[in-house]
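Student: File name run.tsv; file contents TSV, C-alpha atoms and all ligand atoms; full text below.
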chain	number	residue	atom	x	y	z
L	1	MET	CA	-10.89	-36.14	-11.45
L	2	SER	CA	-9.52	-36.53	-7.93
L	3	LYS	CA	-7.63	-33.69	-6.29
L	4	GLU	CA	-4.34	-35.50	-6.78
L	5	GLU	CA	-5.07	-36.08	-10.47
L	6	LEU	CA	-5.85	-32.39	-10.89
L	7	GLU	CA	-2.61	-31.42	-9.13
L	8	GLN	CA	-0.59	-33.75	-11.34
L	9	THR	CA	-2.33	-32.56	-14.50
L	10	ALA	CA	-1.46	-28.96	-13.63
L	11	GLU	CA	2.14	-29.92	-12.80
L	12	ALA	CA	2.56	-31.79	-16.10
L	13	PHE	CA	1.18	-28.79	-17.98
L	14	ARG	CA	3.69	-26.44	-16.31
L	15	LYS	CA	6.46	-28.89	-17.12
L	16	ASP	CA	5.43	-29.05	-20.80
L	17	LEU	CA	5.71	-25.27	-20.93
L	18	GLY	CA	9.27	-25.54	-19.64
L	19	LEU	CA	8.49	-23.70	-16.41
L	20	LYS	CA	10.61	-24.32	-13.37
L	21	LYS	CA	8.88	-25.50	-10.21
L	22	ASN	CA	8.42	-22.04	-8.71
L	23	ASP	CA	8.09	-19.94	-11.86
L	24	PRO	CA	5.04	-17.74	-12.24
L	25	LEU	CA	2.94	-18.22	-15.38
L	26	ASP	CA	1.12	-15.46	-17.21
L	27	PRO	CA	-1.75	-17.03	-19.23
L	28	PHE	CA	-1.67	-14.01	-21.53
L	29	HIS	CA	1.70	-15.27	-22.80
L	30	LEU	CA	0.25	-18.68	-23.54
L	31	SER	CA	-0.87	-19.71	-26.98
L	32	VAL	CA	-3.14	-22.69	-27.46
L	33	ASP	CA	-3.75	-24.34	-30.85
L	34	SER	CA	-7.03	-23.30	-32.51
L	35	VAL	CA	-8.00	-20.93	-29.72
L	36	VAL	CA	-8.29	-17.19	-30.31
L	37	VAL	CA	-8.73	-14.71	-27.47
L	38	GLU	CA	-10.95	-11.68	-28.00
L	39	ARG	CA	-11.05	-8.93	-25.42
L	40	LEU	CA	-14.37	-7.17	-24.88
L	41	ARG	CA	-13.06	-3.61	-25.14
L	42	THR	CA	-11.03	-4.11	-28.31
L	43	SER	CA	-13.28	-6.66	-30.00
L	44	SER	CA	-14.77	-5.90	-33.37
L	45	CYS	CA	-17.11	-8.90	-33.15
L	46	ILE	CA	-19.89	-7.06	-31.38
L	47	ASP	CA	-21.63	-3.74	-31.83
L	48	ALA	CA	-21.02	-0.68	-29.67
L	49	LYS	CA	-24.36	-0.89	-27.84
L	50	THR	CA	-23.85	-4.51	-26.74
L	51	LYS	CA	-20.32	-3.65	-25.73
L	52	ARG	CA	-21.55	-0.84	-23.48
L	53	ILE	CA	-24.00	-3.21	-21.76
L	54	LEU	CA	-21.45	-6.00	-21.31
L	55	ALA	CA	-18.86	-3.58	-19.95
L	56	GLY	CA	-21.34	-1.55	-17.93
L	57	PRO	CA	-24.43	-2.87	-16.09
L	58	ALA	CA	-23.66	-6.53	-16.96
L	59	CYS	CA	-19.93	-6.36	-16.19
L	60	GLY	CA	-20.14	-8.13	-12.83
L	61	GLU	CA	-22.24	-10.98	-14.21
L	62	TRP	CA	-19.70	-12.58	-16.51
L	63	SER	CA	-15.96	-13.06	-16.81
L	64	ALA	CA	-15.60	-14.98	-20.08
L	65	MET	CA	-17.56	-16.78	-22.75
L	66	SER	CA	-16.05	-19.51	-24.85
L	67	VAL	CA	-17.64	-19.91	-28.24
L	68	PRO	CA	-17.00	-23.02	-30.35
L	69	LEU	CA	-16.41	-22.23	-34.02
L	70	ASN	CA	-17.43	-25.66	-35.30
L	71	ALA	CA	-19.70	-28.53	-34.33
L	72	ASP	CA	-16.79	-30.65	-33.09
L	73	GLN	CA	-15.94	-27.93	-30.52
L	74	ASP	CA	-12.21	-28.12	-31.31
L	75	SER	CA	-11.77	-24.56	-32.55
L	76	TRP	CA	-12.73	-21.71	-30.22
L	77	VAL	CA	-12.92	-18.03	-29.51
L	78	VAL	CA	-12.51	-17.09	-25.86
L	79	PHE	CA	-14.33	-13.84	-25.31
L	80	LEU	CA	-12.81	-12.20	-22.26
L	81	ASN	CA	-14.23	-9.49	-20.01
L	82	ASP	CA	-11.24	-7.15	-19.80
L	83	CYS	CA	-13.09	-4.74	-17.50
L	84	HIS	CA	-12.07	-6.96	-14.59
L	85	THR	CA	-8.66	-6.70	-12.90
L	86	ILE	CA	-5.76	-8.28	-14.77
L	87	GLU	CA	-5.32	-10.73	-11.86
L	88	ARG	CA	-8.89	-11.94	-12.24
L	89	GLN	CA	-8.57	-12.10	-16.03
L	90	ARG	CA	-5.53	-14.39	-15.69
L	91	VAL	CA	-7.41	-17.11	-13.81
L	92	THR	CA	-10.49	-16.64	-16.01
L	93	LEU	CA	-8.50	-17.07	-19.21
L	94	LEU	CA	-6.64	-20.09	-17.90
L	95	GLU	CA	-9.91	-21.65	-16.73
L	96	GLU	CA	-11.33	-21.29	-20.24
L	97	TYR	CA	-8.18	-22.86	-21.70
L	98	TRP	CA	-8.54	-25.77	-19.28
L	99	HIS	CA	-12.18	-26.33	-20.26
L	100	ILE	CA	-11.05	-26.58	-23.88
L	101	LEU	CA	-7.94	-28.68	-23.18
L	102	SER	CA	-9.98	-31.08	-21.04
L	103	GLY	CA	-12.54	-31.61	-23.80
L	104	HIS	CA	-15.41	-30.17	-21.75
L	105	LYS	CA	-18.56	-29.61	-23.80
L	106	LEU	CA	-20.93	-26.68	-23.48
L	107	THR	CA	-24.19	-28.32	-22.53
L	108	LYS	CA	-26.11	-26.76	-19.67
L	109	ILE	CA	-28.42	-23.86	-20.53
L	110	ALA	CA	-27.95	-20.86	-18.24
L	111	LYS	CA	-29.21	-17.32	-18.05
L	112	ILE	CA	-26.34	-14.83	-18.07
L	113	ALA	CA	-26.85	-11.08	-18.14
L	114	GLY	CA	-30.47	-11.53	-19.16
L	115	ALA	CA	-29.72	-13.80	-22.11
L	116	PHE	CA	-29.64	-17.55	-22.43
L	117	GLY	CA	-26.41	-19.30	-23.29
L	118	ARG	CA	-24.65	-22.57	-22.67
L	119	THR	CA	-22.26	-23.32	-19.83
L	120	TYR	CA	-20.33	-26.32	-18.59
L	121	ASP	CA	-21.75	-28.58	-15.90
L	122	SER	CA	-20.71	-27.93	-12.33
L	123	ALA	CA	-18.19	-30.81	-12.02
L	124	GLU	CA	-16.39	-29.47	-15.08
L	125	GLU	CA	-16.52	-25.93	-13.68
L	126	HIS	CA	-14.93	-27.18	-10.48
L	127	ASP	CA	-12.18	-29.07	-12.31
L	128	ALA	CA	-11.31	-26.23	-14.70
L	129	TYR	CA	-11.11	-23.67	-11.89
L	130	PHE	CA	-9.07	-26.02	-9.71
L	131	LEU	CA	-6.70	-26.71	-12.63
L	132	ALA	CA	-6.33	-23.00	-13.37
L	133	SER	CA	-5.55	-22.18	-9.74
L	134	ALA	CA	-3.09	-25.09	-9.47
L	135	THR	CA	-1.35	-24.05	-12.68
L	136	LEU	CA	-0.98	-20.43	-11.53
L	137	LEU	CA	-0.07	-21.27	-7.93
L	138	PRO	CA	2.19	-24.35	-7.86
L	139	ARG	CA	1.56	-26.62	-4.90
L	140	ASP	CA	5.12	-26.84	-3.53
L	141	ALA	CA	5.71	-23.11	-3.76
L	142	VAL	CA	2.46	-22.28	-1.95
L	143	LYS	CA	3.23	-24.87	0.75
L	144	ARG	CA	6.69	-23.42	1.29
L	145	MET	CA	5.50	-19.82	1.40
L	146	VAL	CA	2.70	-20.63	3.84
L	147	SER	CA	5.15	-22.45	6.10
L	148	GLU	CA	7.41	-19.38	5.96
L	149	GLY	CA	4.47	-17.31	7.19
L	150	LYS	CA	4.02	-15.35	3.95
L	151	GLY	CA	0.60	-13.74	3.63
L	152	ALA	CA	-1.91	-14.19	0.81
L	153	ALA	CA	-1.16	-10.71	-0.58
L	154	HIS	CA	2.56	-11.51	-0.81
L	155	ILE	CA	1.96	-14.86	-2.54
L	156	ALA	CA	-0.58	-13.23	-4.86
L	157	ALA	CA	1.89	-10.50	-5.87
L	158	THR	CA	4.58	-13.12	-6.59
L	159	TYR	CA	2.29	-15.08	-8.91
L	160	GLY	CA	0.19	-12.28	-10.41
L	161	THR	CA	-3.11	-13.52	-8.97
L	162	SER	CA	-5.66	-12.06	-6.57
L	163	PRO	CA	-5.28	-12.73	-2.82
L	164	GLU	CA	-8.71	-14.40	-2.96
L	165	LEU	CA	-7.38	-17.00	-5.39
L	166	VAL	CA	-4.42	-17.64	-3.08
L	167	GLU	CA	-6.83	-18.19	-0.17
L	168	TYR	CA	-8.90	-20.61	-2.27
L	169	ARG	CA	-5.69	-22.47	-3.13
L	170	ILE	CA	-4.50	-22.55	0.49
L	171	LYS	CA	-7.84	-24.07	1.55
L	172	ARG	CA	-7.79	-26.69	-1.23
L	173	LEU	CA	-4.26	-27.67	-0.16
L	174	GLY	CA	-5.42	-28.12	3.44
L	175	LEU	CA	-3.11	-25.37	4.67
L	176	TRP	CA	-5.72	-22.95	6.00
L	177	ARG	CA	-5.10	-23.65	9.70
L	178	GLU	CA	-1.37	-23.16	9.25
L	179	HIS	CA	-2.02	-20.01	7.22
L	180	VAL	CA	-4.19	-18.37	9.88
L	181	GLY	CA	-1.98	-19.71	12.69
L	182	LYS	CA	-4.69	-21.43	14.73
L	183	LYS	CA	-3.10	-23.45	17.48
L	184	VAL	CA	-4.70	-26.73	18.49
L	185	SER	CA	-4.01	-28.87	21.51
L	186	LEU	CA	-5.39	-31.82	23.45
L	187	SER	CA	-6.48	-31.25	27.03
L	188	THR	CA	-4.67	-33.46	29.50
L	189	PRO	CA	-7.04	-35.58	31.58
V	201	ZN	ZN	-15.70	-22.27	-16.32
Kindly transcribe the structure held in the file into C-alpha cells.
Ligand SMILES: [Zn+2]
Tutor:
Amino acid sequence: MSKEELEQTAEAFRKDLGLKKNDPLDPFHLSVDSVVVERLRTSSCIDAKTKRILAGPACGEWSAMSVPLNADQDSWVVFLNDCHTIERQRVTLLEEYWHILSGHKLTKIAKIAGAFGRTYDSAEEHDAYFLASATLLPRDAVKRMVSEGKGAAHIAATYGTSPELVEYRIKRLGLWREHVGKKVSLSTP
C-alpha cells in the first residue's frame, strides 16, 4: 500500500470507531471479532518455566506473537509481552490487530528467542506498523502540534505512546525538519 492509502485506511478505521479527529485511542479498549488477547504474565497457556524465560532473558527479543487458531487464519490469539512499557504494548497490540485485519499471513520462518516460529514478510511488517502508528497518532493532530512547536514527549503523553513512536511518525509525515527547527536558505549569487 502507498503511504496515502495507509493514512486513509487508518483514518477510516478511527472514523468507524466513532473517534473524533484528535481523540486518542487506547488499543486495550478495542475489541476485534475472533481475536483474544493473552498477556504473558497472567496467561495460563504456558508453564511457569517458559514464562520466566519469556519475561526474563528473552524479554527484549519479542513484543507479541499472534497465533492462528485455525487453518484459515481468521481466529487468533494475540500473545502480548506485558513486561514492556504500556506505551510500547499499545503500538504492539495495534500492530498485531492490523496484521489480522489486513489479512496478512504468517509465512516467513524466523528464529525468535532461540526458537523457530513464523513471522510476516517485511512489506507486511512495514504496513502494519505504519497503520498502527497512524491510528494512534492522527496525521492532522501531529501536523498541528509540530507546527505549534510541541515536543515529541508532549505529543506522546497526549496520545499514550512513546516519544520514539512520535518521532517515527513525524519522520514518516515529512515533518522532521520542522520538528527540529533546521533553517534552510539559498545563498544569493
Ligand atoms: Zn508485525
Student: Report, as AutoDock Vina command-line options, the centre and edge lengths in Å (one decimal) of the axis-aligned box enclosing every listed atom of region 61-68 of chain L, padded by 4 Å on each side.
Tutor:
--center_x -18.9 --center_y -17.0 --center_z -22.3 --size_x 14.6 --size_y 20.0 --size_z 24.1
Student: If you count all atoms listed in the file, which residues fall within 8 Å of region 53-66 of chain L, apart from same-chain ones fewer than 5 positions away, as a ChimeraX atom specification?
Tutor: /L:40-41,76-81,83-84,89,92-93,96,112-113
Student: Hey, can you check how far CA of Gly151 (chain L) sits from CA of Glu164 (chain L)?
Tutor: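 Between these atoms lies a distance of 11.4 Å.
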Student: Do you have the CA of Ser162 (chain L)-CA of Glu87 (chain L) distance handy?
Tutor: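 Separation of CA of Ser162 (chain L) and CA of Glu87 (chain L): 5.5 Å.
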Student: When the cut-off is 10 Å and you count only C-alpha atoms and all ligand atoms, which residues lie near ligand ZN 201 (chain V), shown as an mmCIF file with C-alpha atoms, keeping the file's coordinate frame?
Tutor:
data_model
loop_
_atom_site.group_PDB
_atom_site.id
_atom_site.type_symbol
_atom_site.label_atom_id
_atom_site.label_comp_id
_atom_site.auth_asym_id
_atom_site.auth_seq_id
_atom_site.Cartn_x
_atom_site.Cartn_y
_atom_site.Cartn_z
ATOM 1 C CA SER L 63 -15.960 -13.060 -16.810
ATOM 2 C CA ALA L 64 -15.600 -14.980 -20.080
ATOM 3 C CA MET L 65 -17.560 -16.780 -22.750
ATOM 4 C CA SER L 66 -16.050 -19.510 -24.850
ATOM 5 C CA THR L 92 -10.490 -16.640 -16.010
ATOM 6 C CA LEU L 93 -8.500 -17.070 -19.210
ATOM 7 C CA LEU L 94 -6.640 -20.090 -17.900
ATOM 8 C CA GLU L 95 -9.910 -21.650 -16.730
ATOM 9 C CA GLU L 96 -11.330 -21.290 -20.240
ATOM 10 C CA TYR L 97 -8.180 -22.860 -21.700
ATOM 11 C CA TRP L 98 -8.540 -25.770 -19.280
ATOM 12 C CA HIS L 99 -12.180 -26.330 -20.260
ATOM 13 C CA ILE L 100 -11.050 -26.580 -23.880
ATOM 14 C CA HIS L 104 -15.410 -30.170 -21.750
ATOM 15 C CA LEU L 106 -20.930 -26.680 -23.480
ATOM 16 C CA THR L 119 -22.260 -23.320 -19.830
ATOM 17 C CA TYR L 120 -20.330 -26.320 -18.590
ATOM 18 C CA ASP L 121 -21.750 -28.580 -15.900
ATOM 19 C CA SER L 122 -20.710 -27.930 -12.330
ATOM 20 C CA ALA L 123 -18.190 -30.810 -12.020
ATOM 21 C CA GLU L 124 -16.390 -29.470 -15.080
ATOM 22 C CA GLU L 125 -16.520 -25.930 -13.680
ATOM 23 C CA HIS L 126 -14.930 -27.180 -10.480
ATOM 24 C CA ASP L 127 -12.180 -29.070 -12.310
ATOM 25 C CA ALA L 128 -11.310 -26.230 -14.700
ATOM 26 C CA TYR L 129 -11.110 -23.670 -11.890
ATOM 27 C CA ALA L 132 -6.330 -23.000 -13.370
#
Student: Using only C-alpha atoms, which of L:Ala10, L:Leu136, L:Ala157, L:Val184 sits nearest Asp23 (chain L)?
Tutor: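 The answer is L:Leu136, which sits nearest to Asp23 (chain L).
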Student: Within 12 Å of (-1.4, -24.4, -17.4) (coordinates as in the file), grab all the protein and nucleic acid residues, counting all atoms listed in the file, and write them out as a PyMOL selection string.
Tutor: chain L and resi 6-19+23-32+90-91+93-102+128-138
Student: Dump C-alpha atoms for the selected residues as a PDB file, in the frame of the given file?
Tutor:
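Result file is out-v3.pdb:
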ATOM      1  CA  LEU L   6      -5.850 -32.390 -10.890  1.00  0.00           C
ATOM      2  CA  GLU L   7      -2.610 -31.420  -9.130  1.00  0.00           C
ATOM      3  CA  GLN L   8      -0.590 -33.750 -11.340  1.00  0.00           C
ATOM      4  CA  THR L   9      -2.330 -32.560 -14.500  1.00  0.00           C
ATOM      5  CA  ALA L  10      -1.460 -28.960 -13.630  1.00  0.00           C
ATOM      6  CA  GLU L  11       2.140 -29.920 -12.800  1.00  0.00           C
ATOM      7  CA  ALA L  12       2.560 -31.790 -16.100  1.00  0.00           C
ATOM      8  CA  PHE L  13       1.180 -28.790 -17.980  1.00  0.00           C
ATOM      9  CA  ARG L  14       3.690 -26.440 -16.310  1.00  0.00           C
ATOM     10  CA  LYS L  15       6.460 -28.890 -17.120  1.00  0.00           C
ATOM     11  CA  ASP L  16       5.430 -29.050 -20.800  1.00  0.00           C
ATOM     12  CA  LEU L  17       5.710 -25.270 -20.930  1.00  0.00           C
ATOM     13  CA  GLY L  18       9.270 -25.540 -19.640  1.00  0.00           C
ATOM     14  CA  LEU L  19       8.490 -23.700 -16.410  1.00  0.00           C
ATOM     15  CA  ASP L  23       8.090 -19.940 -11.860  1.00  0.00           C
ATOM     16  CA  PRO L  24       5.040 -17.740 -12.240  1.00  0.00           C
ATOM     17  CA  LEU L  25       2.940 -18.220 -15.380  1.00  0.00           C
ATOM     18  CA  ASP L  26       1.120 -15.460 -17.210  1.00  0.00           C
ATOM     19  CA  PRO L  27      -1.750 -17.030 -19.230  1.00  0.00           C
ATOM     20  CA  PHE L  28      -1.670 -14.010 -21.530  1.00  0.00           C
ATOM     21  CA  HIS L  29       1.700 -15.270 -22.800  1.00  0.00           C
ATOM     22  CA  LEU L  30       0.250 -18.680 -23.540  1.00  0.00           C
ATOM     23  CA  SER L  31      -0.870 -19.710 -26.980  1.00  0.00           C
ATOM     24  CA  VAL L  32      -3.140 -22.690 -27.460  1.00  0.00           C
ATOM     25  CA  ARG L  90      -5.530 -14.390 -15.690  1.00  0.00           C
ATOM     26  CA  VAL L  91      -7.410 -17.110 -13.810  1.00  0.00           C
ATOM     27  CA  LEU L  93      -8.500 -17.070 -19.210  1.00  0.00           C
ATOM     28  CA  LEU L  94      -6.640 -20.090 -17.900  1.00  0.00           C
ATOM     29  CA  GLU L  95      -9.910 -21.650 -16.730  1.00  0.00           C
ATOM     30  CA  GLU L  96     -11.330 -21.290 -20.240  1.00  0.00           C
ATOM     31  CA  TYR L  97      -8.180 -22.860 -21.700  1.00  0.00           C
ATOM     32  CA  TRP L  98      -8.540 -25.770 -19.280  1.00  0.00           C
ATOM     33  CA  HIS L  99     -12.180 -26.330 -20.260  1.00  0.00           C
ATOM     34  CA  ILE L 100     -11.050 -26.580 -23.880  1.00  0.00           C
ATOM     35  CA  LEU L 101      -7.940 -28.680 -23.180  1.00  0.00           C
ATOM     36  CA  SER L 102      -9.980 -31.080 -21.040  1.00  0.00           C
ATOM     37  CA  ALA L 128     -11.310 -26.230 -14.700  1.00  0.00           C
ATOM     38  CA  TYR L 129     -11.110 -23.670 -11.890  1.00  0.00           C
ATOM     39  CA  PHE L 130      -9.070 -26.020  -9.710  1.00  0.00           C
ATOM     40  CA  LEU L 131      -6.700 -26.710 -12.630  1.00  0.00           C
ATOM     41  CA  ALA L 132      -6.330 -23.000 -13.370  1.00  0.00           C
ATOM     42  CA  SER L 133      -5.550 -22.180  -9.740  1.00  0.00           C
ATOM     43  CA  ALA L 134      -3.090 -25.090  -9.470  1.00  0.00           C
ATOM     44  CA  THR L 135      -1.350 -24.050 -12.680  1.00  0.00           C
ATOM     45  CA  LEU L 136      -0.980 -20.430 -11.530  1.00  0.00           C
ATOM     46  CA  LEU L 137      -0.070 -21.270  -7.930  1.00  0.00           C
ATOM     47  CA  PRO L 138       2.190 -24.350  -7.860  1.00  0.00           C
TER      48      PRO L 138
END
Student: Please compute the CA of Arg52 (chain L)-CA of Val37 (chain L) distance, one decimal, in Å.
Tutor: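 Separation between CA of Arg52 (chain L) and CA of Val37 (chain L): 19.3 Å.
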Student: For Gly174 (chain L), which residue out of L:Val142, L:Ile109, L:Leu69, L:Val36 is the nearest one, using all atoms listed in the file?
Tutor: L:Val142
Student: Using all atoms listed in the file, find the one residue out of L:Cys45, L:Pro68, L:His179, L:Lys21 that sits nearest to Val166 (chain L).
Tutor: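 Once distances to Val166 (chain L) are computed over all atoms listed in the file, the minimum belongs to L:His179.
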Student: Pick from L:Val180, L:Lys20, L:Arg169, L:Ser75: nearest to Ala156 (chain L), with all atoms listed in the file counted?
Tutor: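 Of all the options, L:Arg169 lies closest to Ala156 (chain L).
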Student: So, with all atoms listed in the file as the atoms that count, which of L:Thr158, L:Lys150, L:Lys143, L:Thr42 lies closest to Lys171 (chain L)?
Tutor: L:Lys143
